[in-house]
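**Q** Have a look at this one.
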Amino acid sequence: MLVEKQSHKMEIIKADNYDILIGMQGYDKLGEYINQRKYSKLFILCDNNTNEYCMAHFLANLPVQVGFEIIEIESGEQNKVLEIAQGVIQSMLELGGDRKSAMITLGGGVITDLGGFVASIYMRGIDCFNVPTTLLSMVDASVGGKTGVDCDGIKNCIGTFSNPKMVVVDVTYLETLASDQFKSGYAEMLKHGLIVDPEYYHFLKDISQIDLDHLPFLIYRSIQIKAEVVKEDPLEDNLRKILNFGHTIGHAIESYFLSNEQKTTLLHGQAIAIGMIIEAYMSCEILDLPHNQYLDIKKHIENIFGKVEISLQDQEQILHWLKFDKKNTYGQIKCVLLKQIGVASYDIEVQKDLITKGFEAYREQLLK
C-alpha cells in the first residue's frame with residue numbers, strides 16, 4: 001500500500017450533507033460557519049479528560065464571536081446513559097439555551113454519541129458540530145450521524161440518526177491519547193480494511209510498522225471508507241450494516257464486561273477485536289472464508305490486543321446479551337461475516353452452537 005506523508009493542507013471528505021475537515025484549517029471553516037449563522041449560544045460538551053487536556057488547544061484555535069458555555073461530564077461508557085443526557089439538557093436550560101443555540105462535542109465516542117443525541121432532541125433539534133479527540137471518535141463515532149445512549153447496559157438502544165453540520169479532525173489531540181485508547185480506535189480501522197479494502201488491512205495488521213507521520217492519511221482512508229458506505233445507505237437498511245462486522249459479538253462482550261462489577265471494563269475496541277476474531281471463525285463455517293485468512297486475522301489481532309480471558313460461565317452470560325443486538329429480527333441472531341478479506345456480507349443468520357464454537361476457537365492458542 002502506498003502511503004505518503006500528509007501535507008499541511010486541509011483535506012475535505014464530503015459526507016451526507018456535511019463536510020469532514022481534516023487538518024488545522026478546519027477550525028477556520030468551523031468558526032466561519034458558526035459566525036455566519038449567529039447562534040444565540042454555543043454549548044461545548046466535554047468530559048473531565050478533554051476539558052483538562054484538549055480544551056485550551058481547542059479554544060485557542062476556534063475564531064468565533066458567539067458566547068459559549070462549557071458543560072463537563074465524567075468520562076467513561078458507564079456515563080453514556082439517559083440520566084446524564086437529561087442532566088446535560090437541564091444545564092443547557094439553566095444556561096439560557098434556546099432553539100437558536102448550537103452544540104459542539106469535544107471528546108471521544110461517548111461525548112460524540114451523547115452530545116449528538118442531546119442536540120438532536122433539545123428543543124426538537126439544534127445544530128451540532130463534532131470535534132473528535134480520540135482515534136475511535138475520529139474514524140468512527142463522529143462520522144455517520146448515529147447518536148445515542150445505553151440503557152441497562154444495552155449499547156445505543158436509545159438514539160437517533162442525526163447528522164452533524166460539520167466534523168473537524170485535528171490529529172494533534174492524539175498526542176494526549178493513552179496507548180489502550182489508541183488501540184481502541186485502531187480496531188475500527190482494521191475493521192474498515194477487513195470489510196472493503198484488503199490492502200489497507202494488510203498495511204495496518206502489523207502495528208509496529210505504523211509511522212505516526214502517516215497517521216493523518218490512515219485516518220483519512222478510514223473516514224473515507226465509512227463516509228462512502230453511509231452515503232449509499234444512511235439509515236442502515238442494507239449496505240451500511242457491513243460496518244457492524246465484529247459488533248454483534250463485540251457489543252455483547254462489551255455490555256457483559258461493563259455490567260459485571262467483578263470484571264474489568266473493556267474498551268470498545270478491545271471488545272470489537274474479540275468480536276472480529278469470533279465472527280471471522282464463523283465466516284469460515286458459513287461463507288467459506290479461507291482458513292488461512294481466518295488464521296491471519298486471529299494472529300494479527302491477538303498480536304495487537306492480546307487475549308482476554310473468557311470463561312465458559314462468561315460465555316453463557318455473553319450469549320444472553322446477544323438477544324439485545326439491534327440487528328436481530330424475530331429472535332434470530334444476525335451477523336456481518338466475511339466471504340474473504342475485503343468482502344463482507346450482512347444479515348447472515350447464525351446459531352448459538354456456532355457462536356459457542358467461535359468462543360472455543362478464540363480460546364485456542366495459535367501454533368507459532
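In the C-alpha cells, chains take the letters A, B, ... in the order shown, each chain's residues start at 1, and ligands count up from 1 in the order shown.
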Could you give me, as a PyMOL selection string, the residues within 9 Å of Thr176 of chain A, counting only C-alpha atoms and dropping anything in the same chain fewer than 2 positions from it?
**A** chain A and resi 53-54+133-134+172-174+178
**Q** For the residues selected in the previous step, produce a file with N, CA and C atoms as a tab-separated table (two decimals), in the first residue's frame.
**A**
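Printed below is out_3.tsv as written:
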chain	number	residue	atom	x	y	z
A	53	TYR	N	-7.17	18.26	28.99
A	53	TYR	CA	-6.06	18.08	28.05
A	53	TYR	C	-6.30	18.69	26.66
A	54	CYS	N	-7.55	18.95	26.30
A	54	CYS	CA	-7.85	19.37	24.93
A	54	CYS	C	-8.50	20.74	24.81
A	133	THR	N	-11.62	13.81	19.61
A	133	THR	CA	-10.28	13.92	20.21
A	133	THR	C	-9.61	12.57	20.41
A	134	THR	N	-10.30	11.48	20.11
A	134	THR	CA	-9.70	10.15	20.19
A	134	THR	C	-9.69	9.53	18.80
A	172	THR	N	-3.69	16.50	16.31
A	172	THR	CA	-2.90	16.99	17.45
A	172	THR	C	-3.40	16.38	18.76
A	173	TYR	N	-4.70	16.17	18.86
A	173	TYR	CA	-5.27	15.63	20.10
A	173	TYR	C	-4.75	14.23	20.42
A	174	LEU	N	-4.32	13.49	19.41
A	174	LEU	CA	-3.85	12.13	19.65
A	174	LEU	C	-2.55	12.09	20.45
A	178	ALA	N	-3.79	7.83	25.52
A	178	ALA	CA	-3.14	6.64	26.07
A	178	ALA	C	-3.12	5.53	25.02
**Q** Please, which residues of segment 224-273 of chain A, numbered as in this document, come out helix (DSSP H, G or I) from DSSP, as a VMD selection string?
**A** chain A and resid 224 to 232 239 to 244 247 to 259 268 to 273
**Q** Those residues you just picked out, can you put them in a file as a PDB file, in the first residue's frame with C-alpha atoms?
**A**
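Contents of part-v8.pdb, as written:
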ATOM      1  CA  GLN A 224     -13.430   7.861   3.540  1.00  0.00           C
ATOM      2  CA  ILE A 225     -14.492   4.202   3.715  1.00  0.00           C
ATOM      3  CA  LYS A 226     -17.141   4.846   6.340  1.00  0.00           C
ATOM      4  CA  ALA A 227     -18.448   8.001   4.648  1.00  0.00           C
ATOM      5  CA  GLU A 228     -18.815   6.234   1.297  1.00  0.00           C
ATOM      6  CA  VAL A 229     -20.766   3.355   2.842  1.00  0.00           C
ATOM      7  CA  VAL A 230     -23.012   5.663   4.883  1.00  0.00           C
ATOM      8  CA  LYS A 231     -23.699   7.926   1.904  1.00  0.00           C
ATOM      9  CA  GLU A 232     -25.053   4.921  -0.018  1.00  0.00           C
ATOM     10  CA  LEU A 239     -25.108  -1.907   2.896  1.00  0.00           C
ATOM     11  CA  ARG A 240     -24.316   0.174   5.993  1.00  0.00           C
ATOM     12  CA  LYS A 241     -24.765  -2.967   8.064  1.00  0.00           C
ATOM     13  CA  ILE A 242     -21.299  -4.151   6.954  1.00  0.00           C
ATOM     14  CA  LEU A 243     -19.835  -1.524   9.312  1.00  0.00           C
ATOM     15  CA  ASN A 244     -21.054  -3.786  12.129  1.00  0.00           C
ATOM     16  CA  HIS A 247     -20.001  -5.732  16.614  1.00  0.00           C
ATOM     17  CA  THR A 248     -22.719  -8.351  17.162  1.00  0.00           C
ATOM     18  CA  ILE A 249     -20.419 -10.464  19.327  1.00  0.00           C
ATOM     19  CA  GLY A 250     -18.278  -7.482  20.360  1.00  0.00           C
ATOM     20  CA  HIS A 251     -21.147  -5.399  21.748  1.00  0.00           C
ATOM     21  CA  ALA A 252     -22.417  -8.377  23.760  1.00  0.00           C
ATOM     22  CA  ILE A 253     -18.928  -8.838  25.234  1.00  0.00           C
ATOM     23  CA  GLU A 254     -18.620  -5.115  25.931  1.00  0.00           C
ATOM     24  CA  SER A 255     -22.028  -4.979  27.648  1.00  0.00           C
ATOM     25  CA  TYR A 256     -21.270  -8.030  29.789  1.00  0.00           C
ATOM     26  CA  PHE A 257     -17.917  -6.699  30.994  1.00  0.00           C
ATOM     27  CA  LEU A 258     -19.447  -3.265  31.599  1.00  0.00           C
ATOM     28  CA  SER A 259     -22.338  -4.618  33.682  1.00  0.00           C
ATOM     29  CA  HIS A 268     -14.996  -0.613  22.836  1.00  0.00           C
ATOM     30  CA  GLY A 269     -12.156  -1.546  20.501  1.00  0.00           C
ATOM     31  CA  GLN A 270     -10.940  -4.354  22.761  1.00  0.00           C
ATOM     32  CA  ALA A 271     -14.372  -5.967  22.672  1.00  0.00           C
ATOM     33  CA  ILE A 272     -14.761  -5.434  18.923  1.00  0.00           C
ATOM     34  CA  ALA A 273     -11.356  -7.037  18.335  1.00  0.00           C
TER      35      ALA A 273
END
**Q** Which residues are near His192 of chain A? Cut-off 12 Å, only C-alpha atoms, ignore same chain within fewer than 6 positions. Put them as number ranges by chain.
**A** A: 139-140, 185-186, 198-202, 204-205, 218-229, 240, 242-246, 276, 341-344
**Q** Within segment 140-340 of chain A, find each residue whose DSSP state, derived from the backbone, is strand (DSSP E), and express the selection as a list of chain:residue names.
**A**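 Answer for segment 140-340 of chain A, restricted to strand (DSSP E): A:Lys146, A:Thr147, A:Gly148, A:Val149, A:Asp150, A:Cys151, A:Ile154, A:Lys155, A:Asn156, A:Cys157, A:Ile158, A:Gly159, A:Thr160, A:Phe161, A:Met166, A:Val167, A:Val168, A:Val169, A:Ile333, A:Lys334, A:Cys335, A:Val336, A:Leu337, A:Leu338, A:Lys339, A:Gln340.
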**Q** With N, CA, C and O atoms kept, could you save the residues just selected as a tab-separated table (two decimals), in the first residue's frame?
**A**
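Done, and the output landed in out38.tsv:
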chain	number	residue	atom	x	y	z
A	146	LYS	N	-25.00	8.60	13.61
A	146	LYS	CA	-25.62	7.79	14.66
A	146	LYS	C	-25.36	8.45	16.01
A	146	LYS	O	-24.22	8.77	16.34
A	147	THR	N	-26.42	8.68	16.77
A	147	THR	CA	-26.27	9.22	18.12
A	147	THR	C	-26.99	8.29	19.08
A	147	THR	O	-27.84	7.50	18.66
A	148	GLY	N	-26.68	8.39	20.37
A	148	GLY	CA	-27.43	7.55	21.29
A	148	GLY	C	-26.78	7.38	22.65
A	148	GLY	O	-25.65	7.80	22.88
A	149	VAL	N	-27.54	6.73	23.51
A	149	VAL	CA	-27.08	6.38	24.85
A	149	VAL	C	-27.44	4.93	25.12
A	149	VAL	O	-28.27	4.33	24.43
A	150	ASP	N	-26.81	4.38	26.16
A	150	ASP	CA	-27.06	2.99	26.57
A	150	ASP	C	-28.17	2.96	27.61
A	150	ASP	O	-28.44	3.96	28.29
A	151	CYS	N	-28.79	1.80	27.76
A	151	CYS	CA	-29.82	1.62	28.79
A	151	CYS	C	-29.70	0.21	29.35
A	151	CYS	O	-29.72	-0.77	28.58
A	154	ILE	N	-27.31	-2.06	27.67
A	154	ILE	CA	-27.50	-2.38	26.25
A	154	ILE	C	-27.02	-1.20	25.41
A	154	ILE	O	-27.49	-0.08	25.56
A	155	LYS	N	-26.08	-1.47	24.53
A	155	LYS	CA	-25.40	-0.41	23.78
A	155	LYS	C	-26.36	0.31	22.83
A	155	LYS	O	-27.04	-0.30	22.01
A	156	ASN	N	-26.39	1.64	22.96
A	156	ASN	CA	-27.03	2.52	21.97
A	156	ASN	C	-28.48	2.16	21.66
A	156	ASN	O	-28.95	2.34	20.54
A	157	CYS	N	-29.20	1.65	22.65
A	157	CYS	CA	-30.58	1.24	22.37
A	157	CYS	C	-31.55	2.42	22.40
A	157	CYS	O	-32.72	2.28	22.03
A	158	ILE	N	-31.09	3.58	22.84
A	158	ILE	CA	-31.87	4.82	22.74
A	158	ILE	C	-31.05	5.78	21.88
A	158	ILE	O	-29.91	6.10	22.22
A	159	GLY	N	-31.62	6.20	20.75
A	159	GLY	CA	-30.82	7.07	19.91
A	159	GLY	C	-31.55	7.54	18.67
A	159	GLY	O	-32.73	7.23	18.46
A	160	THR	N	-30.84	8.30	17.86
A	160	THR	CA	-31.40	8.88	16.64
A	160	THR	C	-30.37	8.83	15.52
A	160	THR	O	-29.17	8.65	15.78
A	161	PHE	N	-30.83	8.99	14.29
A	161	PHE	CA	-29.96	9.33	13.18
A	161	PHE	C	-30.02	10.84	13.02
A	161	PHE	O	-31.08	11.40	12.74
A	166	MET	N	-20.91	19.71	10.73
A	166	MET	CA	-19.51	19.69	10.30
A	166	MET	C	-18.72	18.84	11.29
A	166	MET	O	-19.07	18.76	12.47
A	167	VAL	N	-17.68	18.20	10.80
A	167	VAL	CA	-16.73	17.48	11.66
A	167	VAL	C	-15.34	18.02	11.39
A	167	VAL	O	-14.93	18.14	10.23
A	168	VAL	N	-14.61	18.36	12.45
A	168	VAL	CA	-13.23	18.84	12.32
A	168	VAL	C	-12.31	17.83	12.99
A	168	VAL	O	-12.44	17.55	14.19
A	169	VAL	N	-11.40	17.26	12.20
A	169	VAL	CA	-10.46	16.26	12.70
A	169	VAL	C	-9.08	16.88	12.83
A	169	VAL	O	-8.48	17.30	11.82
A	333	ILE	N	-30.39	-14.32	15.48
A	333	ILE	CA	-29.14	-13.57	15.63
A	333	ILE	C	-28.54	-13.35	14.25
A	333	ILE	O	-28.31	-14.31	13.50
A	334	LYS	N	-28.31	-12.10	13.90
A	334	LYS	CA	-27.76	-11.76	12.58
A	334	LYS	C	-26.37	-11.15	12.74
A	334	LYS	O	-26.14	-10.32	13.62
A	335	CYS	N	-25.46	-11.57	11.87
A	335	CYS	CA	-24.08	-11.07	11.92
A	335	CYS	C	-23.64	-10.60	10.53
A	335	CYS	O	-24.22	-10.97	9.51
A	336	VAL	N	-22.60	-9.79	10.54
A	336	VAL	CA	-21.85	-9.48	9.32
A	336	VAL	C	-20.68	-10.45	9.27
A	336	VAL	O	-19.91	-10.54	10.23
A	337	LEU	N	-20.57	-11.18	8.18
A	337	LEU	CA	-19.49	-12.15	8.04
A	337	LEU	C	-18.69	-11.86	6.77
A	337	LEU	O	-19.14	-11.12	5.89
A	338	LEU	N	-17.52	-12.48	6.67
A	338	LEU	CA	-16.62	-12.24	5.55
A	338	LEU	C	-16.60	-13.42	4.58
A	338	LEU	O	-16.43	-14.57	5.00
A	339	LYS	N	-16.75	-13.13	3.29
A	339	LYS	CA	-16.51	-14.14	2.27
A	339	LYS	C	-15.01	-14.31	2.05
A	339	LYS	O	-14.51	-15.39	1.81
A	340	GLN	N	-14.32	-13.20	2.13
A	340	GLN	CA	-12.86	-13.16	2.12
A	340	GLN	C	-12.47	-11.81	2.68
A	340	GLN	O	-13.32	-10.94	2.88
**Q** Considering only C-alpha atoms, return as an mmCIF file with N, CA and C atoms, in the first residue's frame whatever protein or nucleic-acid residues lie within 12 Å of segment 17-25 of chain A, sequence-local ones (same chain, fewer than 4 positions apart) excluded.
**A**
data_model
loop_
_atom_site.group_PDB
_atom_site.id
_atom_site.type_symbol
_atom_site.label_atom_id
_atom_site.label_comp_id
_atom_site.auth_asym_id
_atom_site.auth_seq_id
_atom_site.Cartn_x
_atom_site.Cartn_y
_atom_site.Cartn_z
ATOM 1 N N GLN A 6 1.402 13.040 4.900
ATOM 2 C CA GLN A 6 0.370 14.036 4.654
ATOM 3 C C GLN A 6 0.959 15.444 4.566
ATOM 4 N N SER A 7 0.459 16.222 3.635
ATOM 5 C CA SER A 7 0.869 17.623 3.569
ATOM 6 C C SER A 7 0.118 18.404 4.635
ATOM 7 N N HIS A 8 0.419 19.689 4.764
ATOM 8 C CA HIS A 8 -0.223 20.509 5.785
ATOM 9 C C HIS A 8 -1.556 21.083 5.305
ATOM 10 N N LYS A 9 -1.918 20.819 4.058
ATOM 11 C CA LYS A 9 -3.182 21.367 3.571
ATOM 12 C C LYS A 9 -4.358 20.621 4.186
ATOM 13 N N MET A 10 -5.480 21.303 4.228
ATOM 14 C CA MET A 10 -6.686 20.689 4.768
ATOM 15 C C MET A 10 -7.276 19.715 3.756
ATOM 16 N N GLU A 11 -7.679 18.540 4.233
ATOM 17 C CA GLU A 11 -8.369 17.566 3.400
ATOM 18 C C GLU A 11 -9.863 17.627 3.712
ATOM 19 N N ILE A 12 -10.685 17.473 2.688
ATOM 20 C CA ILE A 12 -12.133 17.529 2.866
ATOM 21 C C ILE A 12 -12.758 16.248 2.324
ATOM 22 N N ILE A 13 -13.557 15.602 3.165
ATOM 23 C CA ILE A 13 -14.348 14.459 2.746
ATOM 24 C C ILE A 13 -15.808 14.883 2.767
ATOM 25 N N LYS A 29 -12.816 27.127 9.053
ATOM 26 C CA LYS A 29 -14.099 26.843 8.402
ATOM 27 C C LYS A 29 -15.217 26.700 9.435
ATOM 28 N N LEU A 30 -14.904 26.057 10.546
ATOM 29 C CA LEU A 30 -15.896 25.903 11.607
ATOM 30 C C LEU A 30 -16.286 27.255 12.181
ATOM 31 N N GLY A 31 -15.288 28.087 12.482
ATOM 32 C CA GLY A 31 -15.571 29.413 13.017
ATOM 33 C C GLY A 31 -16.370 30.263 12.049
ATOM 34 N N GLU A 32 -16.020 30.201 10.775
ATOM 35 C CA GLU A 32 -16.738 30.965 9.754
ATOM 36 C C GLU A 32 -18.212 30.539 9.688
ATOM 37 N N TYR A 33 -18.438 29.237 9.718
ATOM 38 C CA TYR A 33 -19.805 28.702 9.657
ATOM 39 C C TYR A 33 -20.621 29.176 10.861
ATOM 40 N N HIS A 57 -6.345 23.974 23.775
ATOM 41 C CA HIS A 57 -5.952 23.946 22.365
ATOM 42 C C HIS A 57 -7.145 24.262 21.477
ATOM 43 N N PHE A 58 -8.293 23.691 21.810
ATOM 44 C CA PHE A 58 -9.496 23.912 21.004
ATOM 45 C C PHE A 58 -9.896 25.384 21.009
ATOM 46 N N ALA A 60 -8.149 27.997 21.708
ATOM 47 C CA ALA A 60 -7.120 28.853 21.115
ATOM 48 C C ALA A 60 -7.189 28.870 19.594
ATOM 49 N N ASN A 61 -7.832 27.861 19.014
ATOM 50 C CA ASN A 61 -7.862 27.748 17.557
ATOM 51 C C ASN A 61 -9.248 27.968 16.953
ATOM 52 N N LEU A 62 -10.240 28.295 17.792
ATOM 53 C CA LEU A 62 -11.599 28.475 17.280
ATOM 54 C C LEU A 62 -11.959 29.957 17.224
ATOM 55 N N PRO A 63 -12.008 30.563 16.027
ATOM 56 C CA PRO A 63 -12.288 32.003 15.904
ATOM 57 C C PRO A 63 -13.795 32.279 15.843
ATOM 58 N N ASP A 127 -28.409 22.549 15.936
ATOM 59 C CA ASP A 127 -27.228 22.189 15.159
ATOM 60 C C ASP A 127 -26.133 21.633 16.074
ATOM 61 N N CYS A 128 -25.383 20.691 15.516
ATOM 62 C CA CYS A 128 -24.308 20.056 16.278
ATOM 63 C C CYS A 128 -23.053 19.959 15.409
ATOM 64 N N PHE A 129 -21.889 20.176 16.019
ATOM 65 C CA PHE A 129 -20.595 20.079 15.350
ATOM 66 C C PHE A 129 -19.721 19.118 16.160
ATOM 67 N N ASN A 130 -19.041 18.219 15.481
ATOM 68 C CA ASN A 130 -18.202 17.245 16.174
ATOM 69 C C ASN A 130 -16.721 17.573 16.007
ATOM 70 N N VAL A 131 -16.011 17.622 17.129
ATOM 71 C CA VAL A 131 -14.559 17.759 17.111
ATOM 72 C C VAL A 131 -13.998 16.576 17.906
ATOM 73 N N PRO A 132 -13.748 15.460 17.224
ATOM 74 C CA PRO A 132 -13.297 14.248 17.919
ATOM 75 C C PRO A 132 -11.869 14.374 18.425
ATOM 76 N N MET A 138 -12.548 9.788 15.853
ATOM 77 C CA MET A 138 -12.166 10.348 14.558
ATOM 78 C C MET A 138 -12.589 9.448 13.403
ATOM 79 N N VAL A 139 -12.361 8.140 13.548
ATOM 80 C CA VAL A 139 -12.598 7.236 12.420
ATOM 81 C C VAL A 139 -13.978 6.598 12.460
ATOM 82 N N SER A 142 -17.698 9.999 15.230
ATOM 83 C CA SER A 142 -18.050 11.359 14.817
ATOM 84 C C SER A 142 -18.646 11.409 13.412
ATOM 85 N N VAL A 143 -18.573 10.297 12.687
ATOM 86 C CA VAL A 143 -18.994 10.250 11.285
ATOM 87 C C VAL A 143 -20.187 9.306 11.140
ATOM 88 N N GLY A 144 -21.189 9.728 10.395
ATOM 89 C CA GLY A 144 -22.276 8.811 10.072
ATOM 90 C C GLY A 144 -23.621 9.143 10.664
ATOM 91 N N GLY A 145 -23.665 10.061 11.638
ATOM 92 C CA GLY A 145 -24.948 10.540 12.127
ATOM 93 C C GLY A 145 -25.653 9.658 13.128
ATOM 94 N N SER A 162 -28.909 11.516 13.233
ATOM 95 C CA SER A 162 -28.893 12.974 13.143
ATOM 96 C C SER A 162 -27.487 13.429 12.756
ATOM 97 N N ASN A 163 -27.342 13.902 11.536
ATOM 98 C CA ASN A 163 -26.021 14.289 11.051
ATOM 99 C C ASN A 163 -25.531 15.572 11.706
ATOM 100 N N PRO A 164 -24.228 15.648 11.985
ATOM 101 C CA PRO A 164 -23.658 16.929 12.416
ATOM 102 C C PRO A 164 -23.637 17.901 11.244
ATOM 103 N N LYS A 165 -23.434 19.164 11.538
ATOM 104 C CA LYS A 165 -23.279 20.165 10.484
ATOM 105 C C LYS A 165 -21.861 20.162 9.921
ATOM 106 N N MET A 166 -20.908 19.706 10.726
ATOM 107 C CA MET A 166 -19.507 19.690 10.300
ATOM 108 C C MET A 166 -18.718 18.838 11.290
ATOM 109 N N VAL A 167 -17.675 18.202 10.800
ATOM 110 C CA VAL A 167 -16.733 17.477 11.660
ATOM 111 C C VAL A 167 -15.340 18.019 11.387
ATOM 112 N N VAL A 168 -14.613 18.363 12.450
ATOM 113 C CA VAL A 168 -13.235 18.838 12.322
ATOM 114 C C VAL A 168 -12.306 17.828 12.987
ATOM 115 N N VAL A 169 -11.395 17.260 12.200
ATOM 116 C CA VAL A 169 -10.459 16.256 12.701
ATOM 117 C C VAL A 169 -9.078 16.883 12.826
ATOM 118 N N ASP A 170 -8.595 16.953 14.044
ATOM 119 C CA ASP A 170 -7.282 17.541 14.355
ATOM 120 C C ASP A 170 -6.453 16.473 15.061
ATOM 121 N N VAL A 171 -5.479 15.900 14.360
ATOM 122 C CA VAL A 171 -4.715 14.782 14.921
ATOM 123 C C VAL A 171 -3.822 15.213 16.076
ATOM 124 N N THR A 172 -3.693 16.504 16.310
ATOM 125 C CA THR A 172 -2.905 16.987 17.452
ATOM 126 C C THR A 172 -3.402 16.378 18.755
ATOM 127 N N TYR A 173 -4.703 16.165 18.863
ATOM 128 C CA TYR A 173 -5.268 15.630 20.095
ATOM 129 C C TYR A 173 -4.745 14.230 20.419
ATOM 130 N N LEU A 215 -0.183 8.811 10.042
ATOM 131 C CA LEU A 215 -1.492 8.640 10.671
ATOM 132 C C LEU A 215 -2.592 9.492 10.032
ATOM 133 N N PRO A 216 -2.335 10.742 9.666
ATOM 134 C CA PRO A 216 -3.406 11.509 9.011
ATOM 135 C C PRO A 216 -3.954 10.831 7.759
ATOM 136 N N PHE A 217 -3.072 10.226 6.959
ATOM 137 C CA PHE A 217 -3.550 9.537 5.758
ATOM 138 C C PHE A 217 -4.415 8.336 6.139
ATOM 139 N N LEU A 218 -3.981 7.567 7.146
ATOM 140 C CA LEU A 218 -4.724 6.378 7.547
ATOM 141 C C LEU A 218 -6.090 6.761 8.102
ATOM 142 N N ILE A 219 -6.128 7.830 8.884
ATOM 143 C CA ILE A 219 -7.409 8.327 9.394
ATOM 144 C C ILE A 219 -8.290 8.762 8.225
ATOM 145 N N TYR A 220 -7.690 9.459 7.270
ATOM 146 C CA TYR A 220 -8.425 9.890 6.079
ATOM 147 C C TYR A 220 -9.045 8.685 5.380
ATOM 148 N N ARG A 221 -8.270 7.610 5.202
ATOM 149 C CA ARG A 221 -8.778 6.431 4.484
ATOM 150 C C ARG A 221 -9.928 5.776 5.247
ATOM 151 N N ILE A 223 -12.029 7.210 7.409
ATOM 152 C CA ILE A 223 -13.200 8.086 7.322
ATOM 153 C C ILE A 223 -13.805 7.996 5.926
ATOM 154 N N GLN A 224 -12.956 7.948 4.920
ATOM 155 C CA GLN A 224 -13.430 7.861 3.540
ATOM 156 C C GLN A 224 -14.251 6.588 3.331
ATOM 157 N N LYS A 226 -15.867 4.776 5.630
ATOM 158 C CA LYS A 226 -17.141 4.846 6.340
ATOM 159 C C LYS A 226 -18.096 5.829 5.664
ATOM 160 N N ALA A 227 -17.583 6.983 5.270
ATOM 161 C CA ALA A 227 -18.448 8.001 4.648
ATOM 162 C C ALA A 227 -19.064 7.492 3.356
ATOM 163 N N VAL A 230 -21.866 4.984 4.283
ATOM 164 C CA VAL A 230 -23.012 5.663 4.883
ATOM 165 C C VAL A 230 -23.771 6.479 3.844
ATOM 166 N N LYS A 231 -23.043 7.117 2.931
ATOM 167 C CA LYS A 231 -23.699 7.926 1.904
ATOM 168 C C LYS A 231 -24.624 7.063 1.048
ATOM 169 N N PRO A 234 -27.784 5.651 4.299
ATOM 170 C CA PRO A 234 -27.715 6.473 5.520
ATOM 171 C C PRO A 234 -28.391 5.857 6.743
#
**Q** I'd like the interatomic distance between atom CA of Leu177 of chain A and atom CA of Gly108 of chain A, to a tenth of an Å.
**A** 10.4 Å
**Q** To one decimal place in Å, what is the distance between atom CA of Thr50 of chain A and atom CA of Glu77 of chain A?
**A**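 Calculated distance between atom CA of Thr50 of chain A and atom CA of Glu77 of chain A is 14.7 Å.
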**Q** Do you have the atom CA of Cys284 of chain A-atom CA of Glu364 of chain A distance handy?
**A**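 That distance, rounded to one decimal, is 16.0 Å.
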**Q** Looking at only C-alpha atoms, which of A:Gln86, A:Ala187, A:Asn260, A:Leu136 is the one that sits closest to Phe117 of chain A?
**A**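 Using only C-alpha atoms, Phe117 of chain A sits closest to A:Gln86.
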